[in-house]
2 protein chains.
Amino acid sequence: MYRIGIDLGGTNIKAGIIEEEGRIIRKDSVPTGAGRHYSEVIRDMANLATGIIEEEGISKEEILSLGIGTPGSCDNRTGMLYYANNLNFHDVPMRAEMEKYINLPINIGNDANCAALGEYHGLDEKMDNVVFITLGTGVGGGIIINGSLYTGTNGSAAEVGHIVLVKDGKPCPCGRLGCWEAYASVTSLIDMSREFIINNPESDVAAACGGDSDKVSGKTAFELARAGSENGKKIVDEWISYVAEGIVDMINLFQPDILFVGGAISREGDFLLEPIRKYVERGSYTTGKERTRIEIARLGNDAGLIGAAFLGD
Amino acid sequence: MYRIGIDLGGTNIKAGIIEEEGRIIRKDSVPTGAGRHYSEVIRDMANLATGIIEEEGISKEEILSLGIGTPGSCDNRTGMLYYANNLNFHDVPMRAEMEKYINLPINIGNDANCAALGEYHGLDEKMDNVVFITLGTGVGGGIIINGSLYTGTNGSAAEVGHIVLVKDGKPCPCGRLGCWEAYASVTSLIDMSREFIINNPESDVAAACGGDSDKVSGKTAFELARAGSENGKKIVDEWISYVAEGIVDMINLFQPDILFVGGAISREGDFLLEPIRKYVERGSYTTGKERTRIEIARLGNDAGLIGAAFLGD
């Protein structure tokens, strides 16, 4: 039996056929065309899914369900996508609209939640409780409890980026002050690097960007730090201190079997994880018992597609 | 059928017989005698439980299980109490020791977790997801997910007081800096009131304690604020801002059906809850859907005893 996953992004729509074990056997994508009416976007999603099903030559009877991972705030119980900023979607009846084209059980879930579910299905040993965080433009995540995605009473739970780390601190895009996201996102790392360049125009950090603070990326400080730059290390250390404190919070709340760190920046690997593990050792509220493993997420960009397919399981 | 609950406190041991519906039909208590060897304390717990069972005249066949709520860090899977500071207990095989006296299924749980479970069983309508926080010497809590107490992979989850609200802030008894507990406990409210008196020895706050900052209690600022004191209101407002930000964090993570606020200070009722609800309205990450109800815990001191009885359900 197969499941269909759809990953609705701001730039592309991806669809895939997923085997029982979580392997993608066929996938395809089309541009999202963000800004269009939802009915057009959802029609394209349906066509993409129908297309790969036909190409693979599988019958509807072999497909268990179709799941859609979407940015924003949604609820699988109502089938509604309430709000997705980058798509300009408000109160979209996503399940009902999709059912016009495809006669399968249809589930919807938040994209970061889907990535969490994907990583859970990618585990090579059985674990019940998994926390996944993704560091990117923002800080997102998903929480698996007793083998199921936890979405709370209204579908919006696990907004891990929107817990306060610095009371009355930096404004967060969500409207609150001092959220974890405002400090631990890659956006924040870039801001920290830029600020350093503006304050230290003669530094190696400035030189690495040809003096142009607009050329800073999430890699800038990491590359310098790896090469031995004290300035690079200072920026990286400060940013990691924010990432790590929030991860300790997650462990003190969830004590999961494993906590995955995802997002492109997670390619920094142990250079990122080792200092985080030290913070966790110092700050987590556990007394010598089984401790949470902290690892880089394994499925990369496919996590959301795979997880979407397993929504509703 | 009945369940037996035991609430092991720093001062007293309480035991109760609990009906299916969560009502206590008989209870008794003895002093804990903290500082004694665990074998003596557990023997007294067993005698207390055996005593009320005999007095009530129920047979062992009518009893489903016995549950023990304990301070500190424990794991029901191993039956171990790893650490309880105020009892000076380390690595106590609590279940095994209790089984020497009582032939029933025996469960153990953290006291704040038990109180959460008690409040859950005291609900008058069905809800799946409940967060309970208790404001006292520290900030504790418990989390019910899909009708079960969530304790994570090692029994230590739901340490709600030990998430950072002020990075690199005030030292917390747990060893971290800036935990929610360090700001939102009643201990912190008392500290804030004392500091105000020391800085303002001619104020109404100082007068309310006869000028003796050691006479400050958790009620001092609240009583003044209720009576219209601007100074009292200022202290209460600041303290509530810390309480409320942490509660918003809990909602953004768990989106429970209901969040209970417990501890003696919760007798302040709506005077405490109304400002918290305003923070939640502003800061929580929900878009017009079903929202978490925020209420004062209902069972008071009995919550832990009742919840202990339902451990392992």
# chains A, B, ... in the order shown; residues from 1 in each chain; ligands from 1

call {"tool": "closest_atom_pairs", "arguments": {"of": "chain A", "to": "chain B", "cutoff": "6 Å", "atoms": "only C-alpha atoms", "output": "CSV"}}
result
residue,atom,partner,partner_atom,distance
A:Gly152,CA,B:Gln255,CA,4.9
A:Thr153,CA,B:Pro256,CA,5.6
A:Asn154,CA,B:Glu290,CA,5.8
A:Ala157,CA,B:Phe254,CA,4.9
A:Ala158,CA,B:Leu253,CA,4.4
A:Glu159,CA,B:Asn252,CA,5.4
A:Val160,CA,B:Leu253,CA,6.0
A:Ile163,CA,B:Asp249,CA,4.6
A:Val164,CA,B:Leu165,CA,5.8
A:Leu165,CA,B:Leu165,CA,5.0
A:Val166,CA,B:Val166,CA,4.7
A:Lys167,CA,B:Val166,CA,5.5
A:Arg176,CA,B:Gly283,CA,5.7
A:Asp249,CA,B:Ile163,CA,4.6
A:Asn252,CA,B:Glu159,CA,5.4
A:Leu253,CA,B:Ala158,CA,4.4
A:Phe254,CA,B:Ala157,CA,5.0
A:Gln255,CA,B:Gly152,CA,4.8
A:Pro256,CA,B:Thr153,CA,5.5
A:Asp257,CA,B:Thr153,CA,5.6
A:Gly283,CA,B:Arg176,CA,5.7
A:Glu290,CA,B:Asn154,CA,5.8

call {"tool": "select_by_dssp", "arguments": {"residues": "segment 161-311 of chain B", "states": "helix (DSSP H, G or I)", "output": "CSV table (one decimal) with N, CA, C and O atoms, in the first residue's frame"}}
result
chain,number,residue,atom,x,y,z
B,161,GLY,N,8.5,24.8,35.2
B,161,GLY,CA,9.2,25.9,35.9
B,161,GLY,C,10.6,26.1,35.4
B,161,GLY,O,11.2,27.2,35.6
B,162,HIS,N,11.1,25.1,34.7
B,162,HIS,CA,12.5,25.2,34.3
B,162,HIS,C,12.7,25.4,32.8
B,162,HIS,O,13.5,24.7,32.1
B,180,TRP,N,11.7,30.3,34.5
B,180,TRP,CA,10.3,30.8,34.8
B,180,TRP,C,10.1,30.8,36.3
B,180,TRP,O,9.6,31.8,36.9
B,181,GLU,N,10.5,29.7,36.9
B,181,GLU,CA,10.4,29.5,38.4
B,181,GLU,C,11.0,30.7,39.2
B,181,GLU,O,10.5,31.1,40.2
B,182,ALA,N,12.2,31.1,38.7
B,182,ALA,CA,12.9,32.2,39.4
B,182,ALA,C,12.2,33.5,39.4
B,182,ALA,O,12.5,34.4,40.2
B,183,TYR,N,11.2,33.7,38.5
B,183,TYR,CA,10.4,34.9,38.4
B,183,TYR,C,9.0,34.8,38.8
B,183,TYR,O,8.4,35.7,39.3
B,184,ALA,N,8.4,33.6,38.6
B,184,ALA,CA,6.9,33.5,38.7
B,184,ALA,C,6.5,32.7,39.9
B,184,ALA,O,5.3,32.5,40.2
B,186,VAL,N,5.9,32.1,44.0
B,186,VAL,CA,5.5,33.0,45.1
B,186,VAL,C,6.8,33.5,45.9
B,186,VAL,O,6.8,34.6,46.4
B,187,THR,N,7.8,32.6,45.9
B,187,THR,CA,9.1,33.1,46.5
B,187,THR,C,9.6,34.3,45.8
B,187,THR,O,10.0,35.3,46.5
B,188,SER,N,9.4,34.4,44.5
B,188,SER,CA,9.8,35.6,43.7
B,188,SER,C,8.9,36.8,44.0
B,188,SER,O,9.4,37.9,44.2
B,189,LEU,N,7.6,36.5,44.2
B,189,LEU,CA,6.7,37.6,44.5
B,189,LEU,C,7.1,38.2,45.9
B,189,LEU,O,7.1,39.4,46.1
B,190,ILE,N,7.4,37.3,46.8
B,190,ILE,CA,7.8,37.8,48.1
B,190,ILE,C,9.1,38.6,48.0
B,190,ILE,O,9.3,39.7,48.6
B,191,ASP,N,10.1,38.1,47.3
B,191,ASP,CA,11.3,38.8,47.0
B,191,ASP,C,11.1,40.2,46.5
B,191,ASP,O,11.7,41.2,46.9
B,192,MET,N,10.2,40.3,45.5
B,192,MET,CA,9.9,41.6,44.9
B,192,MET,C,9.3,42.5,45.9
B,192,MET,O,9.6,43.7,45.9
B,193,SER,N,8.4,42.0,46.7
B,193,SER,CA,7.8,42.8,47.7
B,193,SER,C,8.8,43.3,48.8
B,193,SER,O,8.8,44.5,49.2
B,194,ARG,N,9.7,42.4,49.2
B,194,ARG,CA,10.7,42.8,50.2
B,194,ARG,C,11.7,43.8,49.6
B,194,ARG,O,12.0,44.8,50.3
B,195,GLU,N,12.0,43.7,48.4
B,195,GLU,CA,12.9,44.6,47.7
B,195,GLU,C,12.3,46.0,47.7
B,195,GLU,O,12.9,47.0,47.9
B,196,PHE,N,11.0,46.0,47.4
B,196,PHE,CA,10.2,47.3,47.3
B,196,PHE,C,10.3,47.9,48.7
B,196,PHE,O,10.5,49.1,48.8
B,197,ILE,N,10.1,47.1,49.8
B,197,ILE,CA,10.1,47.7,51.1
B,197,ILE,C,11.5,48.3,51.5
B,197,ILE,O,11.6,49.4,52.1
B,198,ILE,N,12.5,47.5,51.1
B,198,ILE,CA,13.8,48.0,51.4
B,198,ILE,C,14.1,49.3,50.7
B,198,ILE,O,14.7,50.2,51.3
B,199,ASN,N,13.7,49.4,49.5
B,199,ASN,CA,13.9,50.6,48.7
B,199,ASN,C,12.9,51.7,49.1
B,199,ASN,O,13.2,52.9,48.7
B,204,ASP,N,3.4,52.4,51.8
B,204,ASP,CA,2.3,51.6,52.3
B,204,ASP,C,2.6,50.1,52.4
B,204,ASP,O,2.1,49.4,53.2
B,205,VAL,N,3.5,49.7,51.5
B,205,VAL,CA,3.9,48.2,51.5
B,205,VAL,C,4.6,47.9,52.7
B,205,VAL,O,4.4,46.9,53.4
B,206,ALA,N,5.6,48.8,53.1
B,206,ALA,CA,6.3,48.7,54.3
B,206,ALA,C,5.4,48.7,55.5
B,206,ALA,O,5.5,47.9,56.5
B,207,ALA,N,4.5,49.7,55.5
B,207,ALA,CA,3.6,49.8,56.7
B,207,ALA,C,2.7,48.6,56.9
B,207,ALA,O,2.5,48.2,58.0
B,208,ALA,N,2.3,48.0,55.8
B,208,ALA,CA,1.5,46.7,55.9
B,208,ALA,C,2.2,45.6,56.6
B,208,ALA,O,1.6,44.7,57.1
B,213,SER,N,10.4,43.7,56.7
B,213,SER,CA,10.4,43.0,55.4
B,213,SER,C,10.3,41.5,55.6
B,213,SER,O,9.9,40.8,54.7
B,214,ASP,N,10.7,41.0,56.8
B,214,ASP,CA,10.6,39.5,57.0
B,214,ASP,C,9.1,39.1,57.2
B,214,ASP,O,8.8,37.9,57.1
B,215,LYS,N,8.2,40.0,57.4
B,215,LYS,CA,6.8,39.7,57.6
B,215,LYS,C,6.0,39.6,56.3
B,215,LYS,O,4.8,39.4,56.2
B,218,GLY,N,3.1,36.1,50.4
B,218,GLY,CA,2.6,36.2,49.0
B,218,GLY,C,1.3,37.0,48.9
B,218,GLY,O,0.9,37.5,47.9
B,219,LYS,N,0.6,37.2,50.1
B,219,LYS,CA,-0.6,38.0,50.1
B,219,LYS,C,-0.4,39.5,50.1
B,219,LYS,O,-1.3,40.3,49.8
B,220,THR,N,0.7,39.9,50.7
B,220,THR,CA,1.0,41.3,51.0
B,220,THR,C,0.6,42.3,49.9
B,220,THR,O,-0.2,43.1,50.0
B,221,ALA,N,1.3,42.0,48.7
B,221,ALA,CA,1.1,43.0,47.6
B,221,ALA,C,-0.4,42.8,47.1
B,221,ALA,O,-1.0,43.8,46.7
B,222,PHE,N,-0.9,41.6,47.0
B,222,PHE,CA,-2.3,41.4,46.5
B,222,PHE,C,-3.3,42.1,47.4
B,222,PHE,O,-4.2,42.8,46.8
B,223,GLU,N,-3.1,42.0,48.7
B,223,GLU,CA,-4.1,42.7,49.6
B,223,GLU,C,-4.1,44.2,49.4
B,223,GLU,O,-5.1,44.9,49.3
B,224,LEU,N,-2.9,44.7,49.3
B,224,LEU,CA,-2.7,46.2,49.0
B,224,LEU,C,-3.3,46.6,47.7
B,224,LEU,O,-4.1,47.5,47.5
B,225,ALA,N,-3.0,45.8,46.7
B,225,ALA,CA,-3.5,46.1,45.3
B,225,ALA,C,-5.0,46.1,45.3
B,225,ALA,O,-5.7,47.0,44.7
B,226,ARG,N,-5.7,45.1,45.9
B,226,ARG,CA,-7.1,45.0,46.0
B,226,ARG,C,-7.7,46.2,46.7
B,226,ARG,O,-8.8,46.7,46.4
B,230,GLU,N,-1.4,51.9,44.8
B,230,GLU,CA,-0.7,51.9,43.5
B,230,GLU,C,0.6,51.1,43.6
B,230,GLU,O,1.0,50.4,42.7
B,231,ASN,N,1.3,51.1,44.8
B,231,ASN,CA,2.5,50.4,45.0
B,231,ASN,C,2.2,48.9,44.9
B,231,ASN,O,2.9,48.1,44.3
B,232,GLY,N,1.1,48.5,45.6
B,232,GLY,CA,0.8,47.1,45.6
B,232,GLY,C,0.5,46.6,44.2
B,232,GLY,O,0.9,45.5,43.8
B,233,LYS,N,-0.2,47.5,43.5
B,233,LYS,CA,-0.6,47.1,42.1
B,233,LYS,C,0.6,47.0,41.2
B,233,LYS,O,0.7,46.1,40.4
B,234,LYS,N,1.6,47.9,41.5
B,234,LYS,CA,2.8,47.8,40.7
B,234,LYS,C,3.6,46.5,40.9
B,234,LYS,O,4.0,45.8,39.9
B,235,ILE,N,3.7,46.0,42.1
B,235,ILE,CA,4.4,44.8,42.4
B,235,ILE,C,3.6,43.6,41.8
B,235,ILE,O,4.2,42.7,41.1
B,236,VAL,N,2.3,43.6,42.0
B,236,VAL,CA,1.4,42.5,41.5
B,236,VAL,C,1.5,42.5,40.0
B,236,VAL,O,1.7,41.4,39.4
B,237,ASP,N,1.4,43.6,39.3
B,237,ASP,CA,1.5,43.7,37.9
B,237,ASP,C,2.8,43.1,37.3
B,237,ASP,O,2.8,42.4,36.4
B,238,GLU,N,3.9,43.5,38.0
B,238,GLU,CA,5.2,43.0,37.5
B,238,GLU,C,5.2,41.5,37.7
B,238,GLU,O,5.6,40.8,36.7
B,239,TRP,N,4.8,41.0,38.8
B,239,TRP,CA,4.9,39.5,39.1
B,239,TRP,C,4.0,38.8,38.1
B,239,TRP,O,4.4,37.8,37.4
B,240,ILE,N,2.8,39.3,37.9
B,240,ILE,CA,1.8,38.7,37.0
B,240,ILE,C,2.4,38.7,35.5
B,240,ILE,O,2.2,37.7,34.8
B,241,SER,N,3.1,39.7,35.2
B,241,SER,CA,3.7,39.7,33.8
B,241,SER,C,4.6,38.5,33.6
B,241,SER,O,4.6,37.9,32.5
B,242,TYR,N,5.3,38.1,34.6
B,242,TYR,CA,6.2,36.9,34.5
B,242,TYR,C,5.3,35.6,34.5
B,242,TYR,O,5.6,34.7,33.6
B,243,VAL,N,4.4,35.6,35.3
B,243,VAL,CA,3.5,34.4,35.3
B,243,VAL,C,2.8,34.2,34.0
B,243,VAL,O,2.8,33.2,33.4
B,244,ALA,N,2.3,35.4,33.5
B,244,ALA,CA,1.5,35.3,32.2
B,244,ALA,C,2.4,34.9,31.0
B,244,ALA,O,2.0,34.2,30.2
B,245,GLU,N,3.6,35.5,30.9
B,245,GLU,CA,4.4,35.2,29.8
B,245,GLU,C,4.7,33.7,29.7
B,245,GLU,O,4.7,33.1,28.6
B,246,GLY,N,5.0,33.0,30.8
B,246,GLY,CA,5.2,31.6,30.9
B,246,GLY,C,3.9,30.8,30.5
B,246,GLY,O,4.0,29.8,29.8
B,247,ILE,N,2.8,31.3,30.9
B,247,ILE,CA,1.5,30.7,30.5
B,247,ILE,C,1.3,30.8,29.0
B,247,ILE,O,0.8,29.8,28.4
B,248,VAL,N,1.6,31.9,28.4
B,248,VAL,CA,1.5,32.1,27.0
B,248,VAL,C,2.4,31.0,26.3
B,248,VAL,O,2.0,30.4,25.3
B,249,ASP,N,3.6,30.9,26.8
B,249,ASP,CA,4.5,29.8,26.3
B,249,ASP,C,3.9,28.5,26.3
B,249,ASP,O,3.9,27.7,25.3
B,250,MET,N,3.3,28.1,27.5
B,250,MET,CA,2.6,26.8,27.6
B,250,MET,C,1.5,26.7,26.5
B,250,MET,O,1.3,25.6,26.0
B,251,ILE,N,0.8,27.7,26.3
B,251,ILE,CA,-0.3,27.6,25.3
B,251,ILE,C,0.2,27.5,23.9
B,251,ILE,O,-0.2,26.7,23.1
B,252,ASN,N,1.3,28.3,23.6
B,252,ASN,CA,1.9,28.2,22.3
B,252,ASN,C,2.5,26.8,22.0
B,252,ASN,O,2.5,26.3,20.9
B,253,LEU,N,2.9,26.1,23.1
B,253,LEU,CA,3.4,24.7,22.9
B,253,LEU,C,2.3,23.7,22.9
B,253,LEU,O,2.3,22.7,22.1
B,254,PHE,N,1.4,23.8,23.8
B,254,PHE,CA,0.4,22.7,24.1
B,254,PHE,C,-1.0,22.9,23.6
B,254,PHE,O,-1.7,22.0,23.4
B,264,ALA,N,-1.5,28.0,46.5
B,264,ALA,CA,-2.3,28.8,47.4
B,264,ALA,C,-2.6,30.2,46.9
B,264,ALA,O,-3.7,30.7,47.0
B,265,ILE,N,-1.7,30.7,46.1
B,265,ILE,CA,-1.9,32.1,45.5
B,265,ILE,C,-3.1,32.1,44.6
B,265,ILE,O,-3.6,33.2,44.3
B,266,SER,N,-3.5,30.9,44.1
B,266,SER,CA,-4.6,30.9,43.1
B,266,SER,C,-5.9,31.3,43.8
B,266,SER,O,-6.9,31.5,43.1
B,267,ARG,N,-5.9,31.4,45.1
B,267,ARG,CA,-7.1,31.9,45.8
B,267,ARG,C,-7.4,33.3,45.4
B,267,ARG,O,-8.5,33.9,45.6
B,268,GLU,N,-6.4,34.0,44.8
B,268,GLU,CA,-6.6,35.4,44.4
B,268,GLU,C,-7.6,35.4,43.2
B,268,GLU,O,-8.1,36.5,42.8
B,270,ASP,N,-10.0,35.7,40.0
B,270,ASP,CA,-10.0,36.5,38.8
B,270,ASP,C,-9.0,37.7,38.9
B,270,ASP,O,-8.6,38.2,37.9
B,271,PHE,N,-8.7,38.1,40.1
B,271,PHE,CA,-7.8,39.2,40.2
B,271,PHE,C,-6.4,38.8,39.7
B,271,PHE,O,-5.7,39.6,39.2
B,272,LEU,N,-6.1,37.5,39.7
B,272,LEU,CA,-4.9,37.0,39.2
B,272,LEU,C,-5.2,36.6,37.7
B,272,LEU,O,-4.3,36.8,36.8
B,273,LEU,N,-6.3,36.0,37.4
B,273,LEU,CA,-6.5,35.4,36.1
B,273,LEU,C,-6.8,36.4,35.0
B,273,LEU,O,-6.4,36.3,33.8
B,274,GLU,N,-7.6,37.5,35.4
B,274,GLU,CA,-8.0,38.4,34.3
B,274,GLU,C,-6.8,39.0,33.6
B,274,GLU,O,-6.8,39.0,32.3
B,275,PRO,N,-5.8,39.6,34.3
B,275,PRO,CA,-4.6,40.1,33.5
B,275,PRO,C,-3.9,39.0,32.7
B,275,PRO,O,-3.4,39.2,31.6
B,276,ILE,N,-3.9,37.8,33.3
B,276,ILE,CA,-3.2,36.7,32.5
B,276,ILE,C,-4.0,36.4,31.2
B,276,ILE,O,-3.3,36.3,30.1
B,277,ARG,N,-5.3,36.4,31.3
B,277,ARG,CA,-6.1,36.2,30.1
B,277,ARG,C,-5.8,37.2,29.0
B,277,ARG,O,-5.8,37.0,27.8
B,278,LYS,N,-5.5,38.5,29.5
B,278,LYS,CA,-5.2,39.5,28.5
B,278,LYS,C,-3.9,39.3,27.8
B,278,LYS,O,-3.8,39.5,26.6
B,279,TYR,N,-2.9,38.9,28.6
B,279,TYR,CA,-1.6,38.5,28.0
B,279,TYR,C,-1.8,37.4,27.0
B,279,TYR,O,-1.2,37.4,25.9
B,280,VAL,N,-2.6,36.4,27.3
B,280,VAL,CA,-2.8,35.3,26.4
B,280,VAL,C,-3.4,35.7,25.1
B,280,VAL,O,-3.0,35.3,24.0
B,281,GLU,N,-4.4,36.6,25.3
B,281,GLU,CA,-5.1,37.0,24.1
B,281,GLU,C,-4.1,37.7,23.1
B,281,GLU,O,-4.2,37.5,21.9
B,282,ARG,N,-3.3,38.5,23.7
B,282,ARG,CA,-2.3,39.2,22.8
B,282,ARG,C,-1.2,38.3,22.3
B,282,ARG,O,-0.8,38.5,21.1
B,283,GLY,N,-0.7,37.4,23.1
B,283,GLY,CA,0.5,36.7,22.8
B,283,GLY,C,0.4,35.3,22.2
B,283,GLY,O,1.4,34.8,21.7
B,300,GLY,N,-7.7,22.0,45.0
B,300,GLY,CA,-6.9,22.5,46.1
B,300,GLY,C,-5.9,21.4,46.6
B,300,GLY,O,-5.3,20.7,45.7
B,301,ASN,N,-5.8,21.3,47.9
B,301,ASN,CA,-4.8,20.4,48.4
B,301,ASN,C,-5.0,18.9,48.1
B,301,ASN,O,-4.1,18.1,48.3
B,302,ASP,N,-6.3,18.6,47.8
B,302,ASP,CA,-6.6,17.2,47.5
B,302,ASP,C,-6.2,16.7,46.1
B,302,ASP,O,-6.2,15.5,45.8
B,303,ALA,N,-5.8,17.6,45.2
B,303,ALA,CA,-5.5,17.2,43.8
B,303,ALA,C,-4.4,16.2,43.8
B,303,ALA,O,-4.6,15.2,43.0
B,304,GLY,N,-3.4,16.3,44.5
B,304,GLY,CA,-2.2,15.4,44.5
B,304,GLY,C,-2.6,14.0,45.0
B,304,GLY,O,-2.2,13.0,44.4
B,305,LEU,N,-3.4,14.0,46.0
B,305,LEU,CA,-3.8,12.7,46.6
B,305,LEU,C,-4.7,11.9,45.6
B,305,LEU,O,-4.5,10.7,45.3
B,306,ILE,N,-5.7,12.7,45.0
B,306,ILE,CA,-6.6,12.1,44.0
B,306,ILE,C,-5.8,11.6,42.8
B,306,ILE,O,-6.0,10.5,42.3
B,307,GLY,N,-5.0,12.5,42.3
B,307,GLY,CA,-4.2,12.2,41.1
B,307,GLY,C,-3.3,11.0,41.3
B,307,GLY,O,-3.1,10.1,40.4
B,308,ALA,N,-2.6,10.9,42.5
B,308,ALA,CA,-1.8,9.8,42.8
B,308,ALA,C,-2.5,8.4,42.6
B,308,ALA,O,-2.0,7.5,42.0
B,309,ALA,N,-3.8,8.4,43.0
B,309,ALA,CA,-4.6,7.2,42.9
B,309,ALA,C,-4.8,6.8,41.5
B,309,ALA,O,-4.9,5.6,41.2

call {"tool": "closest_residue", "arguments": {"among": "B:Gly33, B:Gly16, B:Gly51, B:Gly136", "to": "Asn88 of chain B", "atoms": "only C-alpha atoms"}}
result
B:Gly33

call {"tool": "atom_distance", "arguments": {"atom1": "atom CA of Cys114 of chain B", "atom2": "atom CA of Gly69 of chain B"}}
result
6.0 Å

call {"tool": "residues_around", "arguments": {"residues": "Ser39 of chain B", "least_positions_apart": "2", "cutoff": "10 Å", "atoms": "only C-alpha atoms", "output": "compact mmCIF listing (two decimals) with C-alpha atoms, in the first residue's frame"}}
result
# COMPACT_ATOMS: atom_id res chain seq x y z
CA ARG B 36 14.72 9.45 58.35
CA HIS B 37 15.86 6.52 56.20
CA VAL B 41 9.14 6.59 55.79
CA ILE B 42 7.81 4.01 53.34
CA ARG B 43 6.85 1.65 56.17
CA ASP B 44 4.77 4.49 57.66
CA MET B 45 3.19 5.13 54.27
CA VAL B 92 15.11 5.06 46.45
CA PRO B 93 13.52 1.83 45.10
CA MET B 94 10.11 3.09 46.13
CA GLU B 97 10.05 -1.17 49.10
CA MET B 98 6.27 -0.61 49.12

call {"tool": "atom_distance", "arguments": {"atom1": "atom CA of Ile17 of chain B", "atom2": "atom CA of Gly35 of chain B"}}
result
26.9 Å

call {"tool": "select_by_dssp", "arguments": {"residues": "segment 43-148 of chain A", "states": "strand (DSSP E or B)", "output": "PyMOL selection string"}}
result
chain A and resi 63-70+73-75+80-84+89-92+106-110+130-135+139-145+148

call {"tool": "closest_residue", "arguments": {"among": "B:Glu295, B:Asp124, B:Asp7, B:Glu61", "to": "Asn110 of chain B", "atoms": "only C-alpha atoms"}}
result
B:Asp7

call {"tool": "decode", "arguments": {"residues": "segment 228-239 of chain B", "atoms": "N, CA, C and O atoms", "output": "mmCIF file, in the first residue's frame"}}
result
data_model
loop_
_atom_site.group_PDB
_atom_site.id
_atom_site.type_symbol
_atom_site.label_atom_id
_atom_site.label_comp_id
_atom_site.auth_asym_id
_atom_site.auth_seq_id
_atom_site.Cartn_x
_atom_site.Cartn_y
_atom_site.Cartn_z
ATOM 1 N N GLY B 228 -6.541 49.137 46.526
ATOM 2 C CA GLY B 228 -6.345 50.339 45.721
ATOM 3 C C GLY B 228 -4.952 50.930 45.769
ATOM 4 O O GLY B 228 -4.695 51.959 45.158
ATOM 5 N N SER B 229 -4.016 50.267 46.447
ATOM 6 C CA SER B 229 -2.655 50.808 46.540
ATOM 7 C C SER B 229 -1.942 50.743 45.192
ATOM 8 O O SER B 229 -1.858 49.690 44.564
ATOM 9 N N GLU B 230 -1.409 51.878 44.771
ATOM 10 C CA GLU B 230 -0.655 51.916 43.512
ATOM 11 C C GLU B 230 0.617 51.076 43.617
ATOM 12 O O GLU B 230 1.023 50.416 42.672
ATOM 13 N N ASN B 231 1.255 51.142 44.779
ATOM 14 C CA ASN B 231 2.483 50.373 44.981
ATOM 15 C C ASN B 231 2.202 48.864 44.940
ATOM 16 O O ASN B 231 2.936 48.105 44.311
ATOM 17 N N GLY B 232 1.136 48.480 45.648
ATOM 18 C CA GLY B 232 0.755 47.066 45.627
ATOM 19 C C GLY B 232 0.465 46.605 44.207
ATOM 20 O O GLY B 232 0.901 45.532 43.774
ATOM 21 N N LYS B 233 -0.241 47.456 43.479
ATOM 22 C CA LYS B 233 -0.616 47.118 42.103
ATOM 23 C C LYS B 233 0.626 46.966 41.227
ATOM 24 O O LYS B 233 0.707 46.071 40.385
ATOM 25 N N LYS B 234 1.601 47.852 41.467
ATOM 26 C CA LYS B 234 2.829 47.808 40.674
ATOM 27 C C LYS B 234 3.565 46.467 40.870
ATOM 28 O O LYS B 234 4.024 45.847 39.905
ATOM 29 N N ILE B 235 3.662 46.039 42.121
ATOM 30 C CA ILE B 235 4.351 44.771 42.411
ATOM 31 C C ILE B 235 3.579 43.598 41.800
ATOM 32 O O ILE B 235 4.152 42.739 41.131
ATOM 33 N N VAL B 236 2.258 43.603 42.024
ATOM 34 C CA VAL B 236 1.423 42.512 41.492
ATOM 35 C C VAL B 236 1.511 42.476 39.960
ATOM 36 O O VAL B 236 1.680 41.411 39.372
ATOM 37 N N ASP B 237 1.408 43.646 39.343
ATOM 38 C CA ASP B 237 1.453 43.688 37.872
ATOM 39 C C ASP B 237 2.766 43.111 37.347
ATOM 40 O O ASP B 237 2.774 42.368 36.364
ATOM 41 N N GLU B 238 3.861 43.482 37.989
ATOM 42 C CA GLU B 238 5.152 42.991 37.498
ATOM 43 C C GLU B 238 5.226 41.471 37.651
ATOM 44 O O GLU B 238 5.612 40.765 36.721
ATOM 45 N N TRP B 239 4.833 40.978 38.819
ATOM 46 C CA TRP B 239 4.890 39.532 39.053
ATOM 47 C C TRP B 239 3.981 38.795 38.063
ATOM 48 O O TRP B 239 4.388 37.806 37.449
#
